[in-house]
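Novice: The structure file data.cif (mmCIF, C-alpha atoms) is provided below.
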data_start
#
loop_
_atom_site.group_PDB
_atom_site.id
_atom_site.type_symbol
_atom_site.label_atom_id
_atom_site.label_comp_id
_atom_site.auth_asym_id
_atom_site.auth_seq_id
_atom_site.Cartn_x
_atom_site.Cartn_y
_atom_site.Cartn_z
ATOM 1 C CA MET A 1 -6.361 -1.544 13.063
ATOM 2 C CA SER A 2 -7.388 -5.089 13.807
ATOM 3 C CA GLU A 3 -10.408 -5.152 11.553
ATOM 4 C CA ASN A 4 -9.400 -5.900 8.034
ATOM 5 C CA PRO A 5 -12.311 -6.091 5.647
ATOM 6 C CA LYS A 6 -11.636 -7.487 2.188
ATOM 7 C CA ALA A 7 -11.124 -4.813 -0.399
ATOM 8 C CA ILE A 8 -13.552 -6.480 -2.788
ATOM 9 C CA PRO A 9 -15.817 -9.417 -1.962
ATOM 10 C CA ASN A 10 -14.102 -12.666 -2.974
ATOM 11 C CA LYS A 11 -17.080 -13.670 -5.102
ATOM 12 C CA VAL A 12 -16.652 -10.575 -7.228
ATOM 13 C CA VAL A 13 -12.967 -11.306 -7.766
ATOM 14 C CA ASP A 14 -13.733 -14.938 -8.641
ATOM 15 C CA LEU A 15 -16.345 -13.825 -11.134
ATOM 16 C CA LEU A 16 -13.943 -11.344 -12.640
ATOM 17 C CA VAL A 17 -11.164 -13.882 -13.049
ATOM 18 C CA SER A 18 -13.560 -16.483 -14.508
ATOM 19 C CA GLU A 19 -14.871 -13.973 -16.966
ATOM 20 C CA VAL A 20 -11.410 -12.921 -18.119
ATOM 21 C CA LEU A 21 -10.403 -16.569 -18.621
ATOM 22 C CA ARG A 22 -13.650 -17.391 -20.434
ATOM 23 C CA LYS A 23 -13.422 -14.346 -22.642
ATOM 24 C CA ASN A 24 -9.928 -15.337 -23.741
ATOM 25 C CA ASN A 25 -10.911 -18.982 -24.333
ATOM 26 C CA VAL A 26 -8.479 -20.263 -21.745
ATOM 27 C CA ASN A 27 -8.645 -23.987 -21.228
ATOM 28 C CA ILE A 28 -8.137 -24.346 -17.497
ATOM 29 C CA ASP A 29 -7.305 -28.049 -17.704
ATOM 30 C CA SER A 30 -4.576 -27.431 -20.208
ATOM 31 C CA ALA A 31 -3.305 -24.501 -18.152
ATOM 32 C CA LYS A 32 -3.195 -26.779 -15.114
ATOM 33 C CA SER A 33 -1.262 -29.377 -17.053
ATOM 34 C CA ASN A 34 1.443 -26.815 -17.751
ATOM 35 C CA LEU A 35 2.319 -26.768 -14.078
ATOM 36 C CA ASN A 36 4.583 -29.398 -12.623
ATOM 37 C CA ASP A 37 4.691 -30.120 -8.900
ATOM 38 C CA GLU A 38 7.782 -28.032 -8.399
ATOM 39 C CA GLN A 39 6.194 -24.995 -10.026
ATOM 40 C CA LYS A 40 3.007 -25.517 -8.047
ATOM 41 C CA LYS A 41 4.961 -25.513 -4.845
ATOM 42 C CA ALA A 42 6.942 -22.448 -5.881
ATOM 43 C CA ILE A 43 3.744 -20.541 -6.700
ATOM 44 C CA LYS A 44 2.084 -21.666 -3.509
ATOM 45 C CA ASP A 45 5.054 -20.495 -1.442
ATOM 46 C CA LEU A 46 5.125 -17.204 -3.315
ATOM 47 C CA VAL A 47 1.436 -16.562 -2.691
ATOM 48 C CA GLU A 48 1.769 -17.428 1.002
ATOM 49 C CA GLU A 49 4.727 -15.098 1.303
ATOM 50 C CA LEU A 50 2.845 -12.244 -0.377
ATOM 51 C CA LYS A 51 -0.205 -12.914 1.810
ATOM 52 C CA THR A 52 1.911 -12.610 4.926
ATOM 53 C CA GLN A 53 3.452 -9.381 3.685
ATOM 54 C CA VAL A 54 0.086 -7.880 2.776
ATOM 55 C CA ASP A 55 -1.425 -8.876 6.124
ATOM 56 C CA SER A 56 1.398 -7.344 8.031
ATOM 57 C CA PHE A 57 1.269 -4.200 5.931
ATOM 58 C CA VAL A 58 -2.468 -3.757 6.305
ATOM 59 C CA ASN A 59 -2.431 -4.505 10.020
ATOM 60 C CA GLN A 60 0.605 -2.477 10.959
ATOM 61 C CA SER A 61 -0.032 0.416 8.674
ATOM 62 C CA PRO A 62 0.309 3.270 9.279
ATOM 63 C CA ASP A 63 3.859 2.600 10.333
ATOM 64 C CA LYS A 64 5.338 4.907 12.798
ATOM 65 C CA LYS A 65 8.308 6.775 11.451
ATOM 66 C CA GLU A 66 11.474 7.046 13.473
ATOM 67 C CA MET B 1 -0.683 48.167 20.641
ATOM 68 C CA ALA B 2 -0.811 45.710 17.832
ATOM 69 C CA GLU B 3 -1.971 42.259 18.824
ATOM 70 C CA THR B 4 0.918 39.810 18.843
ATOM 71 C CA LYS B 5 0.242 36.437 17.303
ATOM 72 C CA TRP B 6 0.658 33.580 19.740
ATOM 73 C CA ARG B 7 3.560 31.371 18.765
ATOM 74 C CA ALA B 8 4.168 27.988 20.300
ATOM 75 C CA LEU B 9 7.916 28.457 20.365
ATOM 76 C CA ASP B 10 7.986 31.899 21.901
ATOM 77 C CA HIS B 11 8.971 30.449 25.225
ATOM 78 C CA CYS B 12 12.079 28.936 23.625
ATOM 79 C CA ASP B 13 13.579 32.375 23.603
ATOM 80 C CA ASP B 14 14.408 32.092 27.274
ATOM 81 C CA HIS B 15 16.834 29.200 26.501
ATOM 82 C CA LYS B 16 15.637 27.336 29.563
ATOM 83 C CA ASN B 17 13.883 24.419 27.962
ATOM 84 C CA ASP B 18 14.615 21.596 25.608
ATOM 85 C CA ALA B 19 11.992 22.366 22.999
ATOM 86 C CA ASP B 20 14.652 22.545 20.299
ATOM 87 C CA VAL B 21 15.205 18.815 20.722
ATOM 88 C CA ASP B 22 11.569 18.140 19.910
ATOM 89 C CA GLN B 23 11.799 20.275 16.830
ATOM 90 C CA GLU B 24 14.854 18.337 15.701
ATOM 91 C CA ASN B 25 12.829 15.114 15.811
ATOM 92 C CA THR B 26 10.018 16.654 13.845
ATOM 93 C CA GLN B 27 12.345 17.659 11.054
ATOM 94 C CA LYS B 28 13.573 14.133 10.731
ATOM 95 C CA GLN B 29 10.033 12.833 10.402
ATOM 96 C CA ILE B 30 9.186 15.289 7.673
ATOM 97 C CA THR B 31 12.117 14.454 5.432
ATOM 98 C CA LYS B 32 11.110 10.799 5.447
ATOM 99 C CA GLN B 33 7.730 11.447 3.805
ATOM 100 C CA GLU B 34 7.023 10.509 0.237
ATOM 101 C CA SER B 35 6.904 13.513 -2.026
ATOM 102 C CA ASN B 36 3.203 13.181 -2.712
ATOM 103 C CA GLU B 37 2.294 13.378 0.927
ATOM 104 C CA TRP B 38 3.051 16.670 2.544
ATOM 105 C CA ILE B 39 3.084 17.201 6.218
ATOM 106 C CA ILE B 40 4.141 20.667 7.115
ATOM 107 C CA VAL B 41 4.848 21.500 10.705
ATOM 108 C CA ARG B 42 5.325 25.158 11.444
ATOM 109 C CA ASP B 43 5.877 27.022 14.622
ATOM 110 C CA SER B 44 4.817 24.062 16.708
ATOM 111 C CA GLU B 45 6.220 21.747 19.282
ATOM 112 C CA GLY B 46 5.592 18.242 20.498
ATOM 113 C CA VAL B 47 4.120 17.144 17.162
ATOM 114 C CA GLU B 48 3.979 13.411 16.564
ATOM 115 C CA VAL B 49 3.497 12.286 12.976
ATOM 116 C CA THR B 50 2.516 8.775 11.976
ATOM 117 C CA THR B 51 2.073 7.853 8.358
ATOM 118 C CA THR B 52 1.730 4.969 5.902
ATOM 119 C CA ASP B 53 4.941 3.607 4.502
ATOM 120 C CA THR B 54 4.130 4.176 0.850
ATOM 121 C CA GLN B 55 7.358 2.677 -0.435
ATOM 122 C CA VAL B 56 6.671 -0.657 1.237
ATOM 123 C CA ALA B 57 3.186 -0.597 -0.262
ATOM 124 C CA LEU B 58 4.431 0.096 -3.767
ATOM 125 C CA ASN B 59 7.035 -2.651 -3.574
ATOM 126 C CA LEU B 60 4.410 -5.050 -2.377
ATOM 127 C CA GLN B 61 2.107 -4.056 -5.188
ATOM 128 C CA LEU B 62 4.810 -4.598 -7.794
ATOM 129 C CA GLY B 63 5.585 -7.979 -6.259
ATOM 130 C CA ILE B 64 1.976 -9.132 -6.543
ATOM 131 C CA GLN B 65 1.630 -7.849 -10.098
ATOM 132 C CA ALA B 66 4.794 -9.666 -11.097
ATOM 133 C CA ALA B 67 3.482 -12.847 -9.502
ATOM 134 C CA ILE B 68 0.199 -12.598 -11.460
ATOM 135 C CA VAL B 69 2.072 -12.128 -14.730
ATOM 136 C CA ALA B 70 4.440 -14.995 -13.925
ATOM 137 C CA VAL B 71 1.615 -17.398 -13.104
ATOM 138 C CA ILE B 72 -0.220 -16.504 -16.310
ATOM 139 C CA SER B 73 2.934 -16.826 -18.353
ATOM 140 C CA ILE B 74 3.694 -20.304 -16.986
ATOM 141 C CA THR B 75 0.185 -21.688 -17.235
ATOM 142 C CA ILE B 76 -1.345 -20.019 -20.269
ATOM 143 C CA GLY B 77 1.909 -19.206 -22.000
ATOM 144 C CA ASP B 78 3.801 -16.187 -23.131
ATOM 145 C CA ASN B 79 1.623 -15.851 -26.209
ATOM 146 C CA ASP B 80 -1.273 -13.700 -27.383
ATOM 147 C CA GLN B 81 -3.742 -15.545 -25.213
ATOM 148 C CA GLY B 82 -1.603 -15.130 -22.099
ATOM 149 C CA ASN B 83 -0.899 -11.507 -22.897
ATOM 150 C CA ASN B 84 -4.588 -10.787 -23.408
ATOM 151 C CA VAL B 85 -5.500 -12.366 -20.088
ATOM 152 C CA ALA B 86 -2.793 -10.320 -18.356
ATOM 153 C CA GLN B 87 -3.983 -7.221 -20.169
ATOM 154 C CA ASP B 88 -7.604 -7.767 -19.148
ATOM 155 C CA LEU B 89 -6.627 -8.278 -15.532
ATOM 156 C CA LYS B 90 -4.477 -5.171 -15.649
ATOM 157 C CA GLN B 91 -7.589 -3.161 -16.427
ATOM 158 C CA PHE B 92 -8.733 -3.916 -12.930
ATOM 159 C CA MET B 93 -5.373 -3.316 -11.382
ATOM 160 C CA LYS B 94 -5.144 0.105 -12.923
ATOM 161 C CA THR B 95 -6.367 2.150 -10.058
ATOM 162 C CA LYS B 96 -5.102 5.528 -9.243
ATOM 163 C CA GLN B 97 -2.035 5.338 -7.093
ATOM 164 C CA SER B 98 -1.242 8.784 -5.995
ATOM 165 C CA ASN B 99 -1.891 9.699 -2.443
ATOM 166 C CA ARG B 100 -2.139 13.424 -2.308
ATOM 167 C CA GLN B 101 -2.532 14.478 1.220
ATOM 168 C CA LYS B 102 -1.470 17.745 2.662
ATOM 169 C CA THR B 103 -1.436 18.257 6.356
ATOM 170 C CA ILE B 104 -0.401 21.543 7.837
ATOM 171 C CA ILE B 105 0.144 21.949 11.517
ATOM 172 C CA GLU B 106 0.737 25.493 12.544
ATOM 173 C CA GLY B 107 1.028 27.184 15.878
ATOM 174 C CA SER B 108 0.225 24.014 17.774
ATOM 175 C CA LYS B 109 1.478 22.146 20.770
ATOM 176 C CA HIS B 110 1.373 18.428 21.526
ATOM 177 C CA VAL B 111 -0.501 17.341 18.452
ATOM 178 C CA LYS B 112 -0.642 13.759 17.231
ATOM 179 C CA VAL B 113 -1.221 13.305 13.522
ATOM 180 C CA LYS B 114 -1.978 9.981 11.934
ATOM 181 C CA THR B 115 -2.485 9.757 8.179
ATOM 182 C CA THR B 116 -3.519 6.602 6.387
ATOM 183 C CA ASP B 117 -3.284 5.881 2.712
ATOM 184 C CA THR B 118 -6.441 3.819 2.525
ATOM 185 C CA ASP B 119 -6.354 3.626 -1.257
ATOM 186 C CA ILE B 120 -3.074 1.817 -1.405
ATOM 187 C CA ALA B 121 -4.010 -0.652 1.329
ATOM 188 C CA VAL B 122 -7.262 -1.510 -0.449
ATOM 189 C CA ASN B 123 -5.455 -1.777 -3.769
ATOM 190 C CA ILE B 124 -2.907 -4.213 -2.472
ATOM 191 C CA GLN B 125 -5.586 -6.364 -0.927
ATOM 192 C CA ALA B 126 -7.526 -6.390 -4.187
ATOM 193 C CA LEU B 127 -4.437 -7.376 -6.169
ATOM 194 C CA LEU B 128 -3.711 -10.187 -3.771
ATOM 195 C CA GLN B 129 -7.309 -11.383 -4.109
ATOM 196 C CA ILE B 130 -6.888 -11.534 -7.883
ATOM 197 C CA LEU B 131 -3.682 -13.536 -7.542
ATOM 198 C CA VAL B 132 -5.290 -15.926 -5.056
ATOM 199 C CA ALA B 133 -8.332 -16.368 -7.300
ATOM 200 C CA ILE B 134 -6.169 -17.263 -10.306
ATOM 201 C CA VAL B 135 -4.005 -19.626 -8.338
ATOM 202 C CA ALA B 136 -7.010 -21.293 -6.718
ATOM 203 C CA ARG B 137 -8.469 -21.924 -10.158
ATOM 204 C CA LEU B 138 -5.268 -23.691 -11.104
ATOM 205 C CA ASP B 139 -5.595 -25.973 -8.064
ATOM 206 C CA VAL B 140 -2.347 -24.699 -6.653
ATOM 207 C CA LEU B 141 -3.719 -23.739 -3.243
#
Once you've parsed the file, please lay out its structure as structure tokens.
Specialist:
Amino acid sequence: MSENPKAIPNKVVDLLVSEVLRKNNVNIDSAKSNLNDEQKKAIKDLVEELKTQVDSFVNQSPDKKE
Amino acid sequence: MAETKWRALDHCDDHKNDADVDQENTQKQITKQESNEWIIVRDSEGVEVTTTDTQVALNLQLGIQAAIVAVISITIGDNDQGNNVAQDLKQFMKTKQSNRQKTIIEGSKHVKVKTTDTDIAVNIQALLQILVAIVARLDVL
């Protein structure tokens, strides 16, 4: 189970996210300004944690039952 | 004479083997399955079942979804605009979850079964990609 292809190409996901933000007239700069350093760090840690969990799930799965 | 169906556990009748121990293990494996994935083992011995831990996957999925909503709420705001963005992204997250697999092993010996819930693994990866894409756009990563 070592090979782990991306579910969707990253470019497609980027396009999708951009489109959703554009469609809803989101001002990215103002959104960025709503984040202070503490929040940025918290989000970054959260994403890293989730990444680790997903990697371990995808690579270990299927888990052997007792 | 009527033909007798071969049964894997026939030889257990002589009480000289430990096949009942194997069967005990198999039972334990079955009860741990999620209800939407059925693995039925009948009249068999030495069956090894390996399966995806669906509960872990679902928890992980909820965690990522919550993170996406939280990030949107902080940056765009808990207002119509933020809700619409979350709603639009949810359209893509709404993929079918159920993993309906039925595996029946009958009259078999020494069988190894491995089932994978590919859908849920792909789904989780896709959700994580969405989260990473949003966060990257906000210069957090």
Novice: Please write as number ranges by chain the full residue list that the PyMOL selection byres ((chain B) within 7 of (chain A)) yields on this file.
Specialist: B: 29, 50-53, 64, 74-76, 81, 85, 88, 116, 121-122, 125-126, 129-130, 133-134, 138, 140-141
Novice: Provide the CA of Val56 in chain B to CA of Ser73 in chain B distance in Å, to one decimal place.
Specialist: 25.7 Å
Novice: Please report the interatomic distance between CA of Ala57 in chain B and CA of Leu128 in chain B in Å with one decimal.
Specialist: 12.3 Å
Novice: Quick one: of B:Leu131, B:Glu45, B:Arg100, B:Thr4, who's nearest to Ala70 in chain B, counting only C-alpha atoms?
Specialist: B:Leu131
Novice: Restricting the calculation to all atoms listed in the file, which member of B:Ala67, B:Ala136, B:Ile105, B:Ile120 is positioned closest to Val49 in chain B?
Specialist: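 Checking each candidate against Val49 in chain B, we get B:Ile105 as the closest.
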Novice: One decimal, in Å: what's the spacing between CA of Val41 in chain B and CA of Asn59 in chain B?
Specialist: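 Going from CA of Val41 in chain B over to CA of Asn59 in chain B covers 28.1 Å.
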Novice: Env of Lys109 in chain B: 7 Å cut, atoms = all atoms listed in the file, seq-sep filter 2 positions within chain, self excluded. Answer as a list in words.
Specialist: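 Those residues are Ala8, Ser44, Glu45, Gly46, Val47 and Val111 of chain B.
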Novice: Go ahead and fit an axis-aligned box to every listed atom of range 23-40 of chain A plus 4 Å each side, and pass me the centre and edge lengths in Å, one decimal, as lines of an AutoDock Vina configuration file.
Specialist:
center_x = -2.8
center_y = -22.2
center_z = -16.2
size_x = 29.2
size_y = 23.8
size_z = 24.3
Novice: Just checking: using only C-alpha atoms, which residue out of B:Val71, B:Trp38, B:Leu62, B:Lys5 ends up closest to Val135 in chain B?
Specialist: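 Of all the options, B:Val71 lies closest to Val135 in chain B.
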Novice: All heavy atoms are what I want for range 39-50 of chain A; can you complete it accordingly and write them as a short mmCIF file (atom, residue, chain, number, x, y, z; two decimals), keeping the file's coordinate frame?
Specialist:
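Generated file (rebuild19.cif):
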data_model
loop_
_atom_site.label_atom_id
_atom_site.label_comp_id
_atom_site.auth_asym_id
_atom_site.auth_seq_id
_atom_site.Cartn_x
_atom_site.Cartn_y
_atom_site.Cartn_z
N GLN A 39 6.73 -26.34 -9.76
CA GLN A 39 6.19 -25.00 -10.03
C GLN A 39 5.01 -24.69 -9.12
O GLN A 39 4.87 -23.58 -8.61
CB GLN A 39 5.77 -24.88 -11.49
CG GLN A 39 6.94 -24.72 -12.43
CD GLN A 39 6.52 -24.88 -13.88
OE1 GLN A 39 5.66 -25.70 -14.20
NE2 GLN A 39 7.12 -24.11 -14.76
N LYS A 40 4.16 -25.71 -8.93
CA LYS A 40 3.01 -25.52 -8.05
C LYS A 40 3.46 -25.10 -6.66
O LYS A 40 2.91 -24.20 -6.05
CB LYS A 40 2.19 -26.82 -7.94
CG LYS A 40 1.12 -26.95 -8.98
CD LYS A 40 0.20 -28.09 -8.64
CE LYS A 40 -0.90 -28.23 -9.68
NZ LYS A 40 -1.83 -29.31 -9.38
N LYS A 41 4.48 -25.81 -6.18
CA LYS A 41 4.96 -25.51 -4.84
C LYS A 41 5.57 -24.11 -4.80
O LYS A 41 5.33 -23.35 -3.85
CB LYS A 41 6.01 -26.55 -4.41
CG LYS A 41 6.30 -26.47 -2.93
CD LYS A 41 7.47 -27.34 -2.49
CE LYS A 41 7.79 -27.11 -1.02
NZ LYS A 41 8.05 -25.71 -0.67
N ALA A 42 6.31 -23.77 -5.84
CA ALA A 42 6.94 -22.45 -5.88
C ALA A 42 5.88 -21.34 -5.86
O ALA A 42 5.99 -20.36 -5.13
CB ALA A 42 7.82 -22.32 -7.12
N ILE A 43 4.81 -21.54 -6.65
CA ILE A 43 3.74 -20.54 -6.70
C ILE A 43 3.02 -20.46 -5.36
O ILE A 43 2.73 -19.38 -4.84
CB ILE A 43 2.75 -20.85 -7.84
CG1 ILE A 43 3.44 -20.66 -9.20
CG2 ILE A 43 1.52 -19.96 -7.76
CD1 ILE A 43 2.63 -21.11 -10.39
N LYS A 44 2.79 -21.63 -4.80
CA LYS A 44 2.08 -21.67 -3.51
C LYS A 44 2.89 -20.91 -2.45
O LYS A 44 2.34 -20.08 -1.71
CB LYS A 44 1.89 -23.12 -3.08
CG LYS A 44 0.91 -23.28 -1.96
CD LYS A 44 0.69 -24.74 -1.60
CE LYS A 44 -0.15 -24.82 -0.35
NZ LYS A 44 -0.43 -26.19 0.05
N ASP A 45 4.20 -21.18 -2.41
CA ASP A 45 5.05 -20.50 -1.44
C ASP A 45 5.05 -18.99 -1.67
O ASP A 45 5.00 -18.20 -0.73
CB ASP A 45 6.50 -21.02 -1.53
CG ASP A 45 6.61 -22.45 -1.03
OD1 ASP A 45 5.63 -22.93 -0.43
OD2 ASP A 45 7.65 -23.09 -1.25
N LEU A 46 5.11 -18.62 -2.95
CA LEU A 46 5.12 -17.20 -3.32
C LEU A 46 3.86 -16.51 -2.83
O LEU A 46 3.90 -15.43 -2.23
CB LEU A 46 5.26 -17.08 -4.84
CG LEU A 46 5.19 -15.69 -5.45
CD1 LEU A 46 6.40 -14.86 -5.03
CD2 LEU A 46 5.13 -15.78 -6.97
N VAL A 47 2.72 -17.15 -3.09
CA VAL A 47 1.44 -16.56 -2.69
C VAL A 47 1.36 -16.44 -1.17
O VAL A 47 0.93 -15.41 -0.64
CB VAL A 47 0.25 -17.38 -3.25
CG1 VAL A 47 -1.08 -16.88 -2.68
CG2 VAL A 47 0.21 -17.30 -4.77
N GLU A 48 1.80 -17.48 -0.46
CA GLU A 48 1.77 -17.43 1.00
C GLU A 48 2.63 -16.28 1.52
O GLU A 48 2.25 -15.55 2.43
CB GLU A 48 2.26 -18.76 1.60
CG GLU A 48 1.29 -19.93 1.38
CD GLU A 48 -0.12 -19.66 1.91
OE1 GLU A 48 -0.24 -19.00 2.95
OE2 GLU A 48 -1.10 -20.10 1.26
N GLU A 49 3.80 -16.16 0.90
CA GLU A 49 4.73 -15.10 1.30
C GLU A 49 4.10 -13.71 1.10
O GLU A 49 4.13 -12.86 1.98
CB GLU A 49 6.01 -15.24 0.47
CG GLU A 49 7.01 -14.12 0.56
CD GLU A 49 7.78 -14.11 1.86
OE1 GLU A 49 7.99 -15.21 2.42
OE2 GLU A 49 8.16 -13.02 2.32
N LEU A 50 3.48 -13.53 -0.08
CA LEU A 50 2.84 -12.24 -0.38
C LEU A 50 1.67 -11.98 0.56
O LEU A 50 1.47 -10.86 1.02
CB LEU A 50 2.38 -12.20 -1.84
CG LEU A 50 3.50 -12.08 -2.88
CD1 LEU A 50 2.96 -12.33 -4.28
CD2 LEU A 50 4.15 -10.70 -2.83
#
